[in-house]
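What follows is the content of final_39.csv, which has CSV, C-alpha atoms:
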```
chain,number,residue,atom,x,y,z
I,1,MET,CA,-25.5,-3.8,-5.3
I,2,SER,CA,-23.4,-5.6,-2.7
I,3,PRO,CA,-19.8,-5.6,-4.0
I,4,TYR,CA,-18.3,-7.1,-0.8
I,5,ARG,CA,-21.1,-9.7,-0.1
I,6,ASN,CA,-19.1,-12.8,-1.0
I,7,PHE,CA,-15.9,-11.5,0.6
I,8,LYS,CA,-17.8,-10.9,3.9
I,9,ARG,CA,-19.6,-14.2,3.6
I,10,PHE,CA,-16.7,-16.5,2.8
I,11,ILE,CA,-13.6,-14.6,4.1
I,12,SER,CA,-14.2,-11.9,6.7
I,13,GLU,CA,-16.7,-9.3,7.8
I,14,GLN,CA,-13.8,-7.0,8.3
I,15,LEU,CA,-12.5,-5.1,5.2
I,16,ASP,CA,-9.7,-3.4,7.1
I,17,THR,CA,-7.4,-5.6,9.4
I,18,VAL,CA,-4.4,-5.5,11.6
I,19,LEU,CA,-2.0,-8.3,11.9
I,20,ARG,CA,0.6,-8.3,14.7
I,21,LEU,CA,3.7,-10.4,14.3
I,22,PRO,CA,6.8,-10.5,16.4
I,23,GLN,CA,8.7,-8.5,13.7
I,24,ALA,CA,6.0,-6.4,12.2
I,25,VAL,CA,2.6,-4.7,12.6
I,26,ILE,CA,0.8,-4.9,9.2
I,27,VAL,CA,-2.4,-2.9,8.6
I,28,GLY,CA,-4.5,-4.0,5.6
I,29,LEU,CA,-6.7,-1.3,4.2
I,30,ASN,CA,-9.6,-1.7,1.7
I,31,SER,CA,-8.8,1.0,-0.8
I,32,THR,CA,-11.6,0.0,-3.2
I,33,ALA,CA,-14.5,2.5,-3.4
I,34,PRO,CA,-16.9,0.9,-5.9
I,35,TYR,CA,-19.6,3.6,-5.5
I,36,THR,CA,-17.4,6.7,-5.6
I,37,ARG,CA,-13.9,6.1,-6.9
I,38,ILE,CA,-13.9,3.1,-9.2
I,39,VAL,CA,-10.6,3.8,-10.9
I,40,ASN,CA,-8.2,5.1,-8.3
I,41,GLY,CA,-9.7,4.1,-5.0
I,42,ALA,CA,-9.8,6.0,-1.7
I,43,ILE,CA,-8.7,5.8,1.9
I,44,ALA,CA,-11.1,7.2,4.5
I,45,THR,CA,-10.4,9.1,7.7
I,46,GLU,CA,-11.6,6.1,9.8
I,47,GLN,CA,-9.0,3.9,8.0
I,48,LEU,CA,-6.2,6.3,8.9
I,49,ALA,CA,-7.5,6.3,12.5
I,50,LEU,CA,-7.2,2.5,12.4
I,51,CYS,CA,-3.6,2.9,11.3
I,52,LYS,CA,-2.9,5.3,14.1
I,53,ALA,CA,-4.4,3.0,16.8
I,54,ALA,CA,-2.5,0.0,15.4
I,55,PHE,CA,0.9,1.7,15.3
I,56,GLU,CA,0.6,3.6,18.5
I,57,SER,CA,-0.3,0.5,20.5
I,58,GLY,CA,2.4,-1.6,18.7
I,59,GLN,CA,5.7,-2.4,20.2
I,60,ALA,CA,8.8,-0.4,19.4
I,61,GLY,CA,11.4,-1.7,16.9
I,62,VAL,CA,9.0,-3.6,14.7
I,63,ALA,CA,8.4,-2.9,11.0
I,64,ARG,CA,5.3,-0.8,10.3
I,65,ILE,CA,3.6,-1.9,7.1
I,66,VAL,CA,0.5,-0.7,5.3
I,67,VAL,CA,-1.0,-2.9,2.5
I,68,MET,CA,-3.7,-1.7,0.1
I,69,HIS,CA,-4.8,-2.6,-3.4
I,70,HIS,CA,-4.4,0.9,-4.9
I,71,HIS,CA,-1.2,2.8,-5.1
I,72,LEU,CA,-0.3,6.1,-3.4
I,73,VAL,CA,2.3,7.3,-6.0
I,74,PRO,CA,2.2,7.5,-9.8
I,75,THR,CA,3.8,4.5,-11.4
I,76,PRO,CA,6.9,5.7,-13.4
I,77,ASP,CA,6.8,5.4,-17.2
I,78,PHE,CA,3.2,4.2,-17.2
I,79,GLU,CA,0.8,6.7,-18.8
I,80,LYS,CA,-2.4,5.5,-17.1
I,81,SER,CA,-1.2,5.6,-13.5
I,82,GLU,CA,-4.2,7.1,-11.6
I,83,TYR,CA,-3.5,6.9,-7.9
I,84,ILE,CA,-5.5,7.4,-4.7
I,85,ALA,CA,-7.0,10.9,-4.2
I,86,ASN,CA,-5.3,12.9,-1.4
I,87,ALA,CA,-2.3,10.7,-1.6
I,88,ARG,CA,0.1,13.4,-0.3
I,89,PRO,CA,-1.7,14.0,3.0
I,90,ILE,CA,-2.2,10.3,3.5
I,91,LEU,CA,1.5,9.6,3.0
I,92,SER,CA,2.3,12.5,5.3
I,93,GLN,CA,0.2,11.1,8.1
I,94,LEU,CA,1.6,7.6,7.5
I,95,SER,CA,5.1,9.1,7.8
I,96,ARG,CA,4.2,10.8,11.1
I,97,LEU,CA,3.0,7.3,12.3
I,98,GLY,CA,6.5,5.9,11.5
I,99,VAL,CA,5.3,3.7,8.7
I,100,ASP,CA,8.3,2.0,7.0
I,101,LEU,CA,6.7,0.3,4.0
I,102,VAL,CA,3.5,0.7,1.9
I,103,LEU,CA,2.6,-2.2,-0.4
I,104,GLY,CA,0.2,-1.8,-3.3
I,105,GLY,CA,-0.7,-2.9,-6.7
I,106,HIS,CA,-3.7,-2.0,-9.0
I,107,ALA,CA,-1.6,-0.6,-11.9
I,108,HIS,CA,-0.3,-4.1,-12.8
I,109,ARG,CA,3.1,-2.5,-12.9
I,110,SER,CA,6.0,-3.0,-10.4
I,111,TYR,CA,7.7,-0.1,-8.8
I,112,VAL,CA,10.1,0.2,-5.8
I,113,GLY,CA,10.9,3.6,-4.5
I,114,SER,CA,10.3,6.2,-1.8
I,115,SER,CA,7.4,8.5,-1.1
I,116,LEU,CA,10.0,11.3,-1.2
I,117,ASP,CA,10.6,10.6,-4.9
I,118,THR,CA,7.1,11.9,-5.7
I,119,TYR,CA,6.3,14.1,-2.7
I,120,PRO,CA,9.4,15.9,-1.4
I,121,ALA,CA,8.9,16.7,2.3
I,122,ARG,CA,8.6,20.3,3.3
I,123,GLU,CA,9.5,19.6,6.9
I,124,PRO,CA,12.0,17.0,8.1
I,125,GLU,CA,9.9,13.9,7.2
I,126,LYS,CA,11.1,10.3,6.9
I,127,GLY,CA,10.3,8.8,3.5
I,128,ILE,CA,8.3,5.6,3.2
I,129,VAL,CA,9.5,2.8,1.0
I,130,ILE,CA,6.8,2.2,-1.6
I,131,VAL,CA,6.6,-1.3,-3.2
I,132,GLN,CA,4.0,-1.9,-5.9
I,133,CYS,CA,3.5,-5.4,-7.2
I,134,GLY,CA,2.9,-6.2,-10.9
I,135,THR,CA,0.7,-9.1,-11.8
I,136,SER,CA,1.5,-12.5,-10.4
I,137,THR,CA,-1.5,-14.6,-11.6
I,138,SER,CA,-2.9,-13.0,-14.7
I,139,ARG,CA,-1.8,-11.7,-18.1
I,140,ARG,CA,-2.7,-8.1,-17.2
I,141,GLY,CA,0.8,-6.7,-16.8
I,142,ARG,CA,1.1,-3.1,-18.0
I,143,GLY,CA,3.9,-1.0,-19.6
I,144,ARG,CA,7.1,-2.9,-19.9
I,145,GLU,CA,5.5,-5.8,-17.9
I,146,ARG,CA,2.7,-6.3,-20.5
I,147,ASP,CA,1.8,-10.0,-20.7
I,148,ARG,CA,4.4,-10.9,-18.0
I,149,ASN,CA,3.9,-12.2,-14.5
I,150,SER,CA,5.9,-10.8,-11.6
I,151,CYS,CA,6.1,-10.8,-7.8
I,152,ASN,CA,8.3,-9.4,-5.1
I,153,LEU,CA,10.1,-11.1,-2.2
I,154,ILE,CA,10.5,-8.7,0.7
I,155,GLU,CA,12.8,-9.2,3.6
I,156,ILE,CA,13.1,-6.8,6.5
I,157,ASP,CA,15.7,-6.6,9.2
I,158,GLU,CA,16.3,-4.0,11.9
I,159,ARG,CA,17.9,-1.6,9.5
I,160,THR,CA,17.1,-2.6,5.9
I,161,ILE,CA,14.2,-3.5,3.7
I,162,HIS,CA,15.3,-5.8,0.9
I,163,VAL,CA,13.1,-6.1,-2.2
I,164,ARG,CA,13.8,-8.7,-4.8
I,165,HIS,CA,11.6,-8.4,-7.9
I,166,TYR,CA,11.0,-11.5,-10.0
```
Go ahead and render the structure in this file as structure tokens.
Amino acid sequence: MSPYRNFKRFISEQLDTVLRLPQAVIVGLNSTAPYTRIVNGAIATEQLALCKAAFESGQAGVARIVVMHHHLVPTPDFEKSEYIANARPILSQLSRLGVDLVLGGHAHRSYVGSSLDTYPAREPEKGIVIVQCGTSTSRRGRGRERDRNSCNLIEIDERTIHVRHY
């Protein structure tokens, strides 16, 4: 009945966090919704408000990154790729906030692409780099990553996001 009890007790009372580094502002969002959306998670309006506050008060020229467990785009070539409800409006708002990179997982299947691959913009809208991690510490890989471990090394400079998939 208390799915976050141990997390809050031993790690942090906060399920959504902001980390400010000299080169980046990183917003971590709890996309799990154990009572309402067990499979594909959810992002609430309050969480998007946290993103807005974090990125509007951040310094110019730093990478803007959002991290969440669930993914915002369907994973290519994986048949059971259920993603967050209302993903398109969430990505649209993140794009307006100037988010550069969204990191996710959940599907146990790696993917590197752009939000524009799945949701072509109607208005001039910057795409967001989407990087989904596979499975680094278990045997739960899916699709072509079945029974394989993987991880991503991400390097960001002023103009480029480099993703190396291992």
Give me the residues within 10 Å of I:Ser115 as a PDB file with C-alpha atoms, in the frame of the given file, counting all atoms listed in the file and dropping any in the same chain fewer than 6 places off.
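And here's part14.pdb as it stands now:
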```
ATOM      1  CA  LEU I  72      -0.300   6.100  -3.400  1.00  0.00           C
ATOM      2  CA  VAL I  73       2.300   7.300  -6.000  1.00  0.00           C
ATOM      3  CA  ALA I  87      -2.300  10.700  -1.600  1.00  0.00           C
ATOM      4  CA  ARG I  88       0.100  13.400  -0.300  1.00  0.00           C
ATOM      5  CA  LEU I  91       1.500   9.600   3.000  1.00  0.00           C
ATOM      6  CA  SER I  92       2.300  12.500   5.300  1.00  0.00           C
ATOM      7  CA  SER I  95       5.100   9.100   7.800  1.00  0.00           C
ATOM      8  CA  LEU I 101       6.700   0.300   4.000  1.00  0.00           C
ATOM      9  CA  VAL I 102       3.500   0.700   1.900  1.00  0.00           C
ATOM     10  CA  ALA I 121       8.900  16.700   2.300  1.00  0.00           C
ATOM     11  CA  LYS I 126      11.100  10.300   6.900  1.00  0.00           C
ATOM     12  CA  GLY I 127      10.300   8.800   3.500  1.00  0.00           C
ATOM     13  CA  ILE I 128       8.300   5.600   3.200  1.00  0.00           C
ATOM     14  CA  VAL I 129       9.500   2.800   1.000  1.00  0.00           C
ATOM     15  CA  ILE I 130       6.800   2.200  -1.600  1.00  0.00           C
TER      16      ILE I 130
END
```
For this session: Kindly give the distance, in Å, that separates atom CA of I:Arg109 and atom CA of I:Ala63, rounded to a single decimal.
Result: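 Here the two named atoms are 24.5 Å from each other.
Using all atoms listed in the file, the smallest distance between any of I:Arg5, I:Arg96, I:His106, I:Arg20 and I:Gly41 comes from I:His106.
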Seminar exercise, completed: Residue with the minimum atom-to-atom distance to I:Pro74, picked from I:Pro89, I:Gly28, I:Gly104, I:Pro22 with all atoms listed in the file counted, is I:Gly104
Seminar exercise, completed: Correct to one decimal, the distance atom CA of I:Gln23-atom CA of I:Ala44 is 26.9 Å
Enumerate, in order of chain and increasing residue number, the residues of stretch 4-86 of chain I with an atom no farther than 12 Å from stretch 151-166 of chain I, each with its shortest atom pair and distance in Å to one decimal, counting all atoms listed in the file, as CSV.
```
residue,atom,partner,partner_atom,distance
I:Gln23,CA,I:Asp157,CA,8.5
I:Ala24,CA,I:Ile156,CA,9.1
I:Ala60,CA,I:Glu158,CA,11.2
I:Gly61,CA,I:Glu158,CA,7.4
I:Val62,CA,I:Glu158,CA,7.8
I:Ala63,CA,I:Ile156,CA,7.6
I:Arg64,CA,I:Ile156,CA,10.5
I:Ile65,CA,I:Ile156,CA,10.7
```
Problem set entry | Residue nearest I:Asn40 - candidates I:Tyr83, I:Phe10, I:Tyr4, I:Tyr111, atoms counted: all atoms listed in the file | I:Tyr83
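Here atom CA of I:Asp147 and atom CA of I:Val67 stand 24.4 Å from one another.
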Exercise. Smallest atom-to-atom distance to I:Leu50: which of I:Ala33, I:His69, I:Ile26, I:Ser114, using only C-alpha atoms?
Worked result: I:Ile26
Exercise. In terms of the shortest atom-to-atom distance over only C-alpha atoms, which of I:Ala42, I:Val18, I:Thr75, I:Ala85 is closest to I:Ser57?
Worked result: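 Residue with the minimum atom-to-atom distance to I:Ser57: I:Val18.
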Exercise. Which of these residues is nearest to I:Asp100, using only C-alpha atoms: I:Ser150, I:Ile84, I:Val27, I:Arg139?
Worked result: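 For I:Asp100, the nearest of the given residues is I:Val27.
Counting all atoms listed in the file, I:Asn149 has the following residues at most 7 Å away, ignoring those fewer than 3 positions along the same chain: I:Thr135, I:Ser136, I:Thr137, I:Ser138, I:Arg139, I:Gly141.
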Output requested as a short mmCIF file (atom, residue, chain, number, x, y, z; two decimals), in the frame of the given file - stretch 83-114 of chain I, filled out with N, CA and C atoms.
```
data_model
loop_
_atom_site.label_atom_id
_atom_site.label_comp_id
_atom_site.auth_asym_id
_atom_site.auth_seq_id
_atom_site.Cartn_x
_atom_site.Cartn_y
_atom_site.Cartn_z
N TYR I 83 -3.76 7.33 -9.25
CA TYR I 83 -3.50 6.90 -7.90
C TYR I 83 -4.55 7.46 -6.95
N ILE I 84 -4.50 7.04 -5.70
CA ILE I 84 -5.50 7.40 -4.70
C ILE I 84 -5.57 8.94 -4.53
N ALA I 85 -6.78 9.46 -4.48
CA ALA I 85 -7.00 10.90 -4.20
C ALA I 85 -6.43 11.21 -2.82
N ASN I 86 -5.93 12.40 -2.65
CA ASN I 86 -5.30 12.90 -1.40
C ASN I 86 -4.15 12.02 -0.95
N ALA I 87 -3.42 11.51 -1.91
CA ALA I 87 -2.30 10.70 -1.60
C ALA I 87 -1.23 11.38 -0.74
N ARG I 88 -0.94 12.63 -1.06
CA ARG I 88 0.10 13.40 -0.30
C ARG I 88 -0.22 13.48 1.17
N PRO I 89 -1.42 13.94 1.56
CA PRO I 89 -1.70 14.00 3.00
C PRO I 89 -1.77 12.62 3.66
N ILE I 90 -2.20 11.61 2.91
CA ILE I 90 -2.20 10.30 3.50
C ILE I 90 -0.79 9.81 3.76
N LEU I 91 0.12 9.98 2.79
CA LEU I 91 1.50 9.60 3.00
C LEU I 91 2.16 10.42 4.12
N SER I 92 1.81 11.69 4.22
CA SER I 92 2.30 12.50 5.30
C SER I 92 1.92 11.99 6.65
N GLN I 93 0.64 11.61 6.78
CA GLN I 93 0.20 11.10 8.10
C GLN I 93 0.84 9.71 8.34
N LEU I 94 0.97 8.86 7.33
CA LEU I 94 1.60 7.60 7.50
C LEU I 94 3.09 7.78 7.94
N SER I 95 3.72 8.80 7.39
CA SER I 95 5.10 9.10 7.80
C SER I 95 5.18 9.52 9.24
N ARG I 96 4.25 10.36 9.67
CA ARG I 96 4.20 10.80 11.10
C ARG I 96 3.97 9.59 12.02
N LEU I 97 3.29 8.56 11.52
CA LEU I 97 3.00 7.30 12.30
C LEU I 97 4.24 6.39 12.29
N GLY I 98 5.27 6.74 11.54
CA GLY I 98 6.50 5.90 11.50
C GLY I 98 6.36 4.71 10.58
N VAL I 99 5.46 4.77 9.60
CA VAL I 99 5.30 3.70 8.70
C VAL I 99 6.59 3.50 7.87
N ASP I 100 7.05 2.26 7.75
CA ASP I 100 8.30 2.00 7.00
C ASP I 100 8.04 1.59 5.57
N LEU I 101 6.89 0.92 5.32
CA LEU I 101 6.70 0.30 4.00
C LEU I 101 5.19 0.34 3.66
N VAL I 102 4.89 0.73 2.42
CA VAL I 102 3.50 0.70 1.90
C VAL I 102 3.56 -0.26 0.68
N LEU I 103 2.68 -1.27 0.70
CA LEU I 103 2.60 -2.20 -0.40
C LEU I 103 1.28 -1.96 -1.16
N GLY I 104 1.35 -1.97 -2.47
CA GLY I 104 0.20 -1.80 -3.30
C GLY I 104 0.27 -2.50 -4.59
N GLY I 105 -0.70 -2.26 -5.45
CA GLY I 105 -0.70 -2.90 -6.70
C GLY I 105 -1.57 -2.10 -7.70
N HIS I 106 -2.67 -2.62 -8.13
CA HIS I 106 -3.70 -2.00 -9.00
C HIS I 106 -3.23 -1.68 -10.39
N ALA I 107 -2.07 -1.08 -10.56
CA ALA I 107 -1.60 -0.60 -11.90
C ALA I 107 -1.06 -1.81 -12.71
N HIS I 108 -0.88 -2.98 -12.10
CA HIS I 108 -0.30 -4.10 -12.80
C HIS I 108 1.07 -3.79 -13.34
N ARG I 109 1.81 -3.02 -12.54
CA ARG I 109 3.10 -2.50 -12.90
C ARG I 109 3.97 -2.39 -11.67
N SER I 110 5.11 -3.06 -11.63
CA SER I 110 6.00 -3.00 -10.40
C SER I 110 6.71 -1.71 -10.30
N TYR I 111 6.96 -1.35 -9.06
CA TYR I 111 7.70 -0.10 -8.80
C TYR I 111 8.28 -0.27 -7.35
N VAL I 112 9.52 0.10 -7.16
CA VAL I 112 10.10 0.20 -5.80
C VAL I 112 10.74 1.57 -5.73
N GLY I 113 10.36 2.31 -4.71
CA GLY I 113 10.90 3.60 -4.50
C GLY I 113 10.57 4.20 -3.18
N SER I 114 10.56 5.51 -3.09
CA SER I 114 10.30 6.20 -1.80
C SER I 114 9.19 7.22 -2.04
#
```
